[in-house]
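*Asks:* If you scroll down you'll find the structure; I have some questions about it.
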Amino acid sequence: MELLTRKESWNIGYEHALGETASWFYVQIRDKAKIYGRRDPKSGRVLVPPRSFSDQTLEPTKEWVEVGPDGRIETFTIVYEQFKTLPPPPYAFGFVLLDGADTAIGGFFRGVDLSNPAKAAAKLKVGTRVKTRFADERKGDVLDFWFELESVEQATVGWE
Amino acid sequence: MPQNSTSTSPPAVAVVGSAIHAPRHARQRSLEEAIFAVGQSALLDAGLVIDDIDGIVVGANDQLDGRAISIMMASGSVGGVGRDILSTPSAAEHAFVLGALRVSTGQFRTQLVVAWSPLEVSSITEALRLGTDPYFHRALPLDELSAHGLQATAVEHAVPGIRAAALGIVAKNRAQGAIAYPDRAAAPREQEWIESGRPLRWPLTDTMVTAPGYGLVALVLADAAFVAERRLGPPAWIQGVGWATEAGFLGDRKLATVPALAEAARQAYRQAGVSDPVSSFDLAEVSDATPYQELLAYEGLGLCAREEWRKAQQDGRFAVGGALPVNPSGGALSFNPVYCTGLMRIAEAANQVRGRAGHHQAKNVRRVLAHAASGFAMQYNTVVVMGRERTEVRS
Amino acid sequence: MKATRVGIVGIGQSEFKPRRDDANYPELVREAVTLALQDAKRDLADMEAVVYSLAPDALLGIGNAERLGVDAVGARNKRFMRINTGGSTGLSSVAVGHAHVAAGACDLVLVAGGDKVGESGDSQTILNKIWDPTYERQLPLGTITMLAMSAVRAMHKYGMTEEDMARVTVKNRAHAALNPKAHLRKKVTIEDVFASRYIAWPIKLLDACPQSSGGCAMVLASERYIKENKLEAVWITGVAHCSESYFIGDRMGNNYVADHADAHALRESFERTYRMAGIKDPAKEVHVAELYAPFSNTEFHAIEAAGLAGMGKSMAMLREGAFHIGARTAVNPSGGTLCTNAIAVSAMARVAEGALQVWGRAGGHQQPGARVAACSGNGGDHQFFGTAVVEA
């Protein structure tokens, strides 16, 4: 018996309009290294990342609110497995509640020794304070910034 | 009381609001923001708010959207948070069918139905070509347009000389489109220029089909008690719905016939108590991704057998002003938001009953016919009969 | 208005495997359909409509792949539509089939689908594309990382431990060992789970579902048809859906409606379903729960959302032996999604397994005396939840 297979890959690209709200958000990151959220008037929550309407209330958001640069870790994980087109492990990322925001934004955590999972997890535990760091050269996307622990940490492994 | 499938009782559901958007400055809003806008517009049209909505059904194509599950981020836009939301990627019009079924169960009083077709993919051709199976056909340049071309060839072979009538249908719909939607109607409209197009997918020329446009459509459905209670109006009562599919492989089909369309029409007509389609409707909105599809729709819907096609196009019976205007909105030949053209036909027809059809509103509209086709060469067919009257429940 | 009562008259499931090189995708679907029709003692010709269960096309590598499945489900010239709500697709498909019958449109509906998750090579890469390109796709979000982050919050909120998580795997593998259709059937110990490598902390390899290939199908019928044709059936007495915000970051922080540690919308969906089924005290009235939980930690919030334990209390209950076959409520007696995950049909398999249980046909993994089953499906980024109750 001979069982044949055929290899295929999908070769299509996209150019997604981010819209004015998300564009303004990224321009502030790129040009001023500042992060903003938008307030949903009905619930009062400052949504970060910003959206032009709240999906909970379906009301348009009003008012830009500068948030951060510091915040607290709301959740995290540390990835030890390689997935195609995703970064080489190990790396830590999660969601941070920036000061002044009511929802958390995703980003990488850097400067933490990840060689011992239990120790790393203890360092990144929920509630840990972090600082936002911005890249020197920014493009206007989520990789322009990342988070580092507020406590003085002598990084032995991890990215610069 | 419980109904059984052999009864012809209609589901007592009405279209009470709709919105059709064709955004001009696509960069200003993200797709999700555009979806939010069309949903809000439909609610506004119905005089309702999102809290009046019991459930939502959306229709979108992942490959066009560039999202592996298009309902995910879109769900927030259409009020999905805290609500019951489903998705029918097979066809936008299936979202309408499911919405109507859900109201008919009595478990939902209302439904919001939303579909969209963006232009963010680098190549719609390539995106839709992914619908071809990798086992036998992916290496061929077989996308939806090619499939429509194959069907057109089959029709021309079955009815020699029908090309002239097909070109006439393009002229009819384009002329009407210029009246209905001057902001977006496609060109050319002049018969002579339509006739001298360049071949695109033989026998289709670039003038016989319309380039993809960015469009979104939303409808609000409600049951009879809700309509009465909230004094909504005027509704377009759904009197009959039918839907059916052709086989998946084009080679398994005789492309010059569409038995699934005839079956869908049969289901809808039986429910609506329609025995003579030609005289039962004030107008029809049918799928016309190509003019050959409109011809096949005439036949499948029982409006005109192929022996009469040429005569019908010549005597203008299906033009505005004729006995049964077909595509007073201009159809997909005027504005082609690829994925949601079918649902748009349903929305256009409903708008006619509700008196909301704008520039192309017909007078004294009592009953309308809508046909939506999607997929390769009219694979999926959905037929909807709507009218001013909520027909009696039959046992 | 009282809807027509809807019964399940036939069930078909493949033996789920890592790869099915002997069958292409439509053939896999056909296999399950054949089993379901045999079980219902019906022919394809009897089916009046088909609801096709298919989650992301990208996992199969075919756009709108349901079109190729038309013949596998005998749908030529028949009513046919495809449903996609991510991982909850299979249950949503059953719900849509239910609507076809309850609306009075059809007497007999076939619900069917299949998946070959293993053939896409790397499902996490594809599943990364379910995240929006605006804010989140550049982050390494996948279903594993997303649910690992849920585990972290549950640890913080309730003191859930990795040992608690491992206990779920041990239970479900023991159940799967009794289920010939399951993919991963080898029993494991807590030590085995701890010895397996971390994928995304705290989720280890043995805390995670496999990539499975296989099909599932069910035949639904109206009460009238069942009576007229003297068929055996079990009944779908409740069905509902509810969704959460797509934005994971909104499920934390201040004044959130839902916490990412929990499954808020799943709880809502269950409440609606129980109301429809007339169930007031699920912990007492539900004998079997087939709950969609592709990672060990997620079974806890599913159990709590199903009303089978108080918030944060299910870990202790499991420690004391609850939720095993033979306990008051068996959770995932089939082994669940943790042991078998053919994404397009995993949530349908929950209903299928729940139905088999209340039918008394679950063989080696039968929960004794089961008459009421609660079933759930999860989709998107832990966003779409479908729930159903099936009763004898």
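Residues in the structure tokens are named by chain (A, B, ... in the order shown) and by number from 1 within that chain; ligands are numbered from 1 in the order shown.
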Given only C-alpha atoms, how would the per-residue table for chain B near chain A read, listing every residue at most 6 Å away with its closest atom pair and distance in Å to one decimal, sorted by chain and number, as a tab-separated table?

*Replies:*
residue	atom	partner	partner_atom	distance
B:Arg27	CA	A:Ala17	CA	5.1
B:Gln28	CA	A:Gly19	CA	4.7
B:Arg29	CA	A:Gly19	CA	3.8
B:Ser30	CA	A:Gly19	CA	4.3
B:Gly76	CA	A:Asp55	CA	4.6
B:Glu120	CA	A:Glu15	CA	5.2
B:Val121	CA	A:Tyr14	CA	4.3
B:Ser122	CA	A:Gly13	CA	5.2

*Asks:* Contacts between chain B and chain C, please, where a residue of chain C counts if it comes within 6 Å (with only C-alpha atoms); show its shortest atom pair and distance in Å to one decimal, rows by chain and ascending number, as JSON lines.

*Replies:*
{"residue": "C:Met1", "atom": "CA", "partner": "B:Gly106", "partner_atom": "CA", "distance": 5.4}
{"residue": "C:Ala3", "atom": "CA", "partner": "B:Thr105", "partner_atom": "CA", "distance": 5.4}
{"residue": "C:Thr4", "atom": "CA", "partner": "B:Pro2", "partner_atom": "CA", "distance": 5.2}
{"residue": "C:Pro56", "atom": "CA", "partner": "B:Ala68", "partner_atom": "CA", "distance": 5.7}
{"residue": "C:Ile62", "atom": "CA", "partner": "B:Gly131", "partner_atom": "CA", "distance": 5.6}
{"residue": "C:Gly63", "atom": "CA", "partner": "B:Gly131", "partner_atom": "CA", "distance": 4.1}
{"residue": "C:Asn64", "atom": "CA", "partner": "B:Gly131", "partner_atom": "CA", "distance": 5.6}
{"residue": "C:Arg67", "atom": "CA", "partner": "B:Gly248", "partner_atom": "CA", "distance": 4.9}
{"residue": "C:Leu68", "atom": "CA", "partner": "B:Gly248", "partner_atom": "CA", "distance": 4.8}
{"residue": "C:Val70", "atom": "CA", "partner": "B:Gly248", "partner_atom": "CA", "distance": 5.9}
{"residue": "C:Arg76", "atom": "CA", "partner": "B:Glu246", "partner_atom": "CA", "distance": 5.1}
{"residue": "C:Asn77", "atom": "CA", "partner": "B:Ala260", "partner_atom": "CA", "distance": 4.5}
{"residue": "C:Lys78", "atom": "CA", "partner": "B:Ala244", "partner_atom": "CA", "distance": 4.5}
{"residue": "C:Arg79", "atom": "CA", "partner": "B:Ala244", "partner_atom": "CA", "distance": 4.2}
{"residue": "C:Phe80", "atom": "CA", "partner": "B:Ala244", "partner_atom": "CA", "distance": 5.9}
{"residue": "C:Arg82", "atom": "CA", "partner": "B:Ser90", "partner_atom": "CA", "distance": 5.2}
{"residue": "C:Ile83", "atom": "CA", "partner": "B:Thr88", "partner_atom": "CA", "distance": 4.7}
{"residue": "C:Asn84", "atom": "CA", "partner": "B:Ser87", "partner_atom": "CA", "distance": 5.5}
{"residue": "C:Ala99", "atom": "CA", "partner": "B:Arg102", "partner_atom": "CA", "distance": 5.9}
{"residue": "C:Ala102", "atom": "CA", "partner": "B:Thr105", "partner_atom": "CA", "distance": 5.2}
{"residue": "C:Ala103", "atom": "CA", "partner": "B:Thr105", "partner_atom": "CA", "distance": 4.1}
{"residue": "C:Gly104", "atom": "CA", "partner": "B:Gln3", "partner_atom": "CA", "distance": 4.9}
{"residue": "C:Ala105", "atom": "CA", "partner": "B:Ser5", "partner_atom": "CA", "distance": 5.2}
{"residue": "C:Cys106", "atom": "CA", "partner": "B:Ser5", "partner_atom": "CA", "distance": 4.9}
{"residue": "C:Lys129", "atom": "CA", "partner": "B:Ala68", "partner_atom": "CA", "distance": 5.4}
{"residue": "C:Ile130", "atom": "CA", "partner": "B:Ala68", "partner_atom": "CA", "distance": 4.6}
{"residue": "C:His241", "atom": "CA", "partner": "B:Asp84", "partner_atom": "CA", "distance": 4.7}
{"residue": "C:Cys242", "atom": "CA", "partner": "B:Asp84", "partner_atom": "CA", "distance": 4.6}
{"residue": "C:Ser243", "atom": "CA", "partner": "B:Val81", "partner_atom": "CA", "distance": 5.1}
{"residue": "C:Glu244", "atom": "CA", "partner": "B:Val81", "partner_atom": "CA", "distance": 4.9}
{"residue": "C:Ser245", "atom": "CA", "partner": "B:Val81", "partner_atom": "CA", "distance": 5.4}
{"residue": "C:Tyr246", "atom": "CA", "partner": "B:Met73", "partner_atom": "CA", "distance": 5.8}

*Asks:* Do you have, as CSV, the list of residues of chain C lying at most 7 Å from chain A, each with its nearest atom pair and that distance in Å to one decimal, counting only C-alpha atoms and ordered by chain then number?

*Replies:*
residue,atom,partner,partner_atom,distance
C:Gln124,CA,A:Phe83,CA,6.9
C:Thr125,CA,A:Lys84,CA,6.0
C:Thr134,CA,A:Leu18,CA,5.9
C:Tyr135,CA,A:Val142,CA,6.6
C:Leu139,CA,A:Gly107,CA,6.8
C:Pro140,CA,A:Leu86,CA,6.0
C:Thr145,CA,A:Thr77,CA,6.5
C:Ala148,CA,A:Thr77,CA,6.1
C:Met149,CA,A:Phe76,CA,5.4
C:Val152,CA,A:Thr75,CA,6.1
C:Arg153,CA,A:Thr75,CA,6.1
C:His156,CA,A:Val126,CA,6.6
C:Tyr198,CA,A:Tyr80,CA,6.0
C:Ile199,CA,A:Glu81,CA,5.1
C:Ala200,CA,A:Val79,CA,4.2
C:Trp201,CA,A:Ile78,CA,5.0
C:Ser245,CA,A:Asp55,CA,6.7
C:Gly249,CA,A:Ala104,CA,4.2
C:Asp250,CA,A:Thr103,CA,4.7
C:Met252,CA,A:Thr103,CA,6.2
C:Gly253,CA,A:Thr103,CA,4.9
C:Asn254,CA,A:Asp102,CA,4.8

*Asks:* Just the strand (DSSP E) stuff from range 14-263 of chain C, please, per backbone DSSP, written as a PyMOL selection string.

*Replies:* chain C and resi 49-53+79-83+108-116+198-200+203-204+213-222+234-243

*Asks:* Could you list, as a list in words, every residue within 7 Å of Lys131 in chain A, counting only C-alpha atoms and ignoring same-chain residues fewer than 4 positions away?

*Replies:* Pro69, Asp70, Gly71, Phe147, Glu148, Leu149 and Glu150 of chain A

*Asks:* Those residues you just picked out, can you put them in a file as a JSON list (two decimals), in the first residue's frame with N, CA and C atoms?

*Replies:*
[["chain", "number", "residue", "atom", "x", "y", "z"],
["A", 69, "PRO", "N", 3.58, 54.90, 33.77],
["A", 69, "PRO", "CA", 4.30, 53.79, 33.16],
["A", 69, "PRO", "C", 4.46, 52.57, 34.06],
["A", 70, "ASP", "N", 4.05, 52.68, 35.31],
["A", 70, "ASP", "CA", 4.19, 51.52, 36.18],
["A", 70, "ASP", "C", 2.86, 50.80, 36.30],
["A", 71, "GLY", "N", 2.94, 49.59, 36.82],
["A", 71, "GLY", "CA", 1.71, 48.82, 36.97],
["A", 71, "GLY", "C", 1.93, 47.56, 37.77],
["A", 147, "PHE", "N", 7.84, 44.91, 29.93],
["A", 147, "PHE", "CA", 7.77, 45.20, 31.35],
["A", 147, "PHE", "C", 8.96, 44.57, 32.09],
["A", 148, "GLU", "N", 9.46, 45.30, 33.09],
["A", 148, "GLU", "CA", 10.51, 44.75, 33.94],
["A", 148, "GLU", "C", 10.08, 44.91, 35.38],
["A", 149, "LEU", "N", 10.59, 44.03, 36.23],
["A", 149, "LEU", "CA", 10.20, 44.09, 37.63],
["A", 149, "LEU", "C", 10.71, 45.37, 38.27],
["A", 150, "GLU", "N", 9.90, 45.90, 39.13],
["A", 150, "GLU", "CA", 10.26, 47.15, 39.79],
["A", 150, "GLU", "C", 11.41, 46.96, 40.78]]

*Asks:* As a list of chain:residue names, list the residues of range 7-53 of chain A assigned to helix (DSSP H, G or I) by DSSP on the backbone atoms of this structure.

*Replies:*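 Helix (DSSP H, G or I) members of range 7-53 of chain A, listed: A:Gly19, A:Glu20, A:Thr21, A:Ala22, A:Ser23, A:Trp24, A:Phe25, A:Tyr26, A:Val27, A:Gln28, A:Ile29, A:Arg30, A:Asp31, A:Lys32.
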
*Asks:* I'd like the neighbourhood of range 361-367 of chain C as a list in words, where a residue qualifies if any of its atoms comes within 8 Å (using only C-alpha atoms), though same-chain residues fewer than 3 positions away should be ignored.

*Replies:*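 The neighbour list is His175, Ala176, Leu178, Asn179, His287, Val288, Ile325, Gly326, Ala330, Pro333, Ser334, Glu353, Leu356, Gln357, Val358 and Ala370 of chain C.
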
*Asks:* Separation of CA of Glu348 in chain B and CA of Ser329 in chain B, in Å?

*Replies:* 6.9 Å
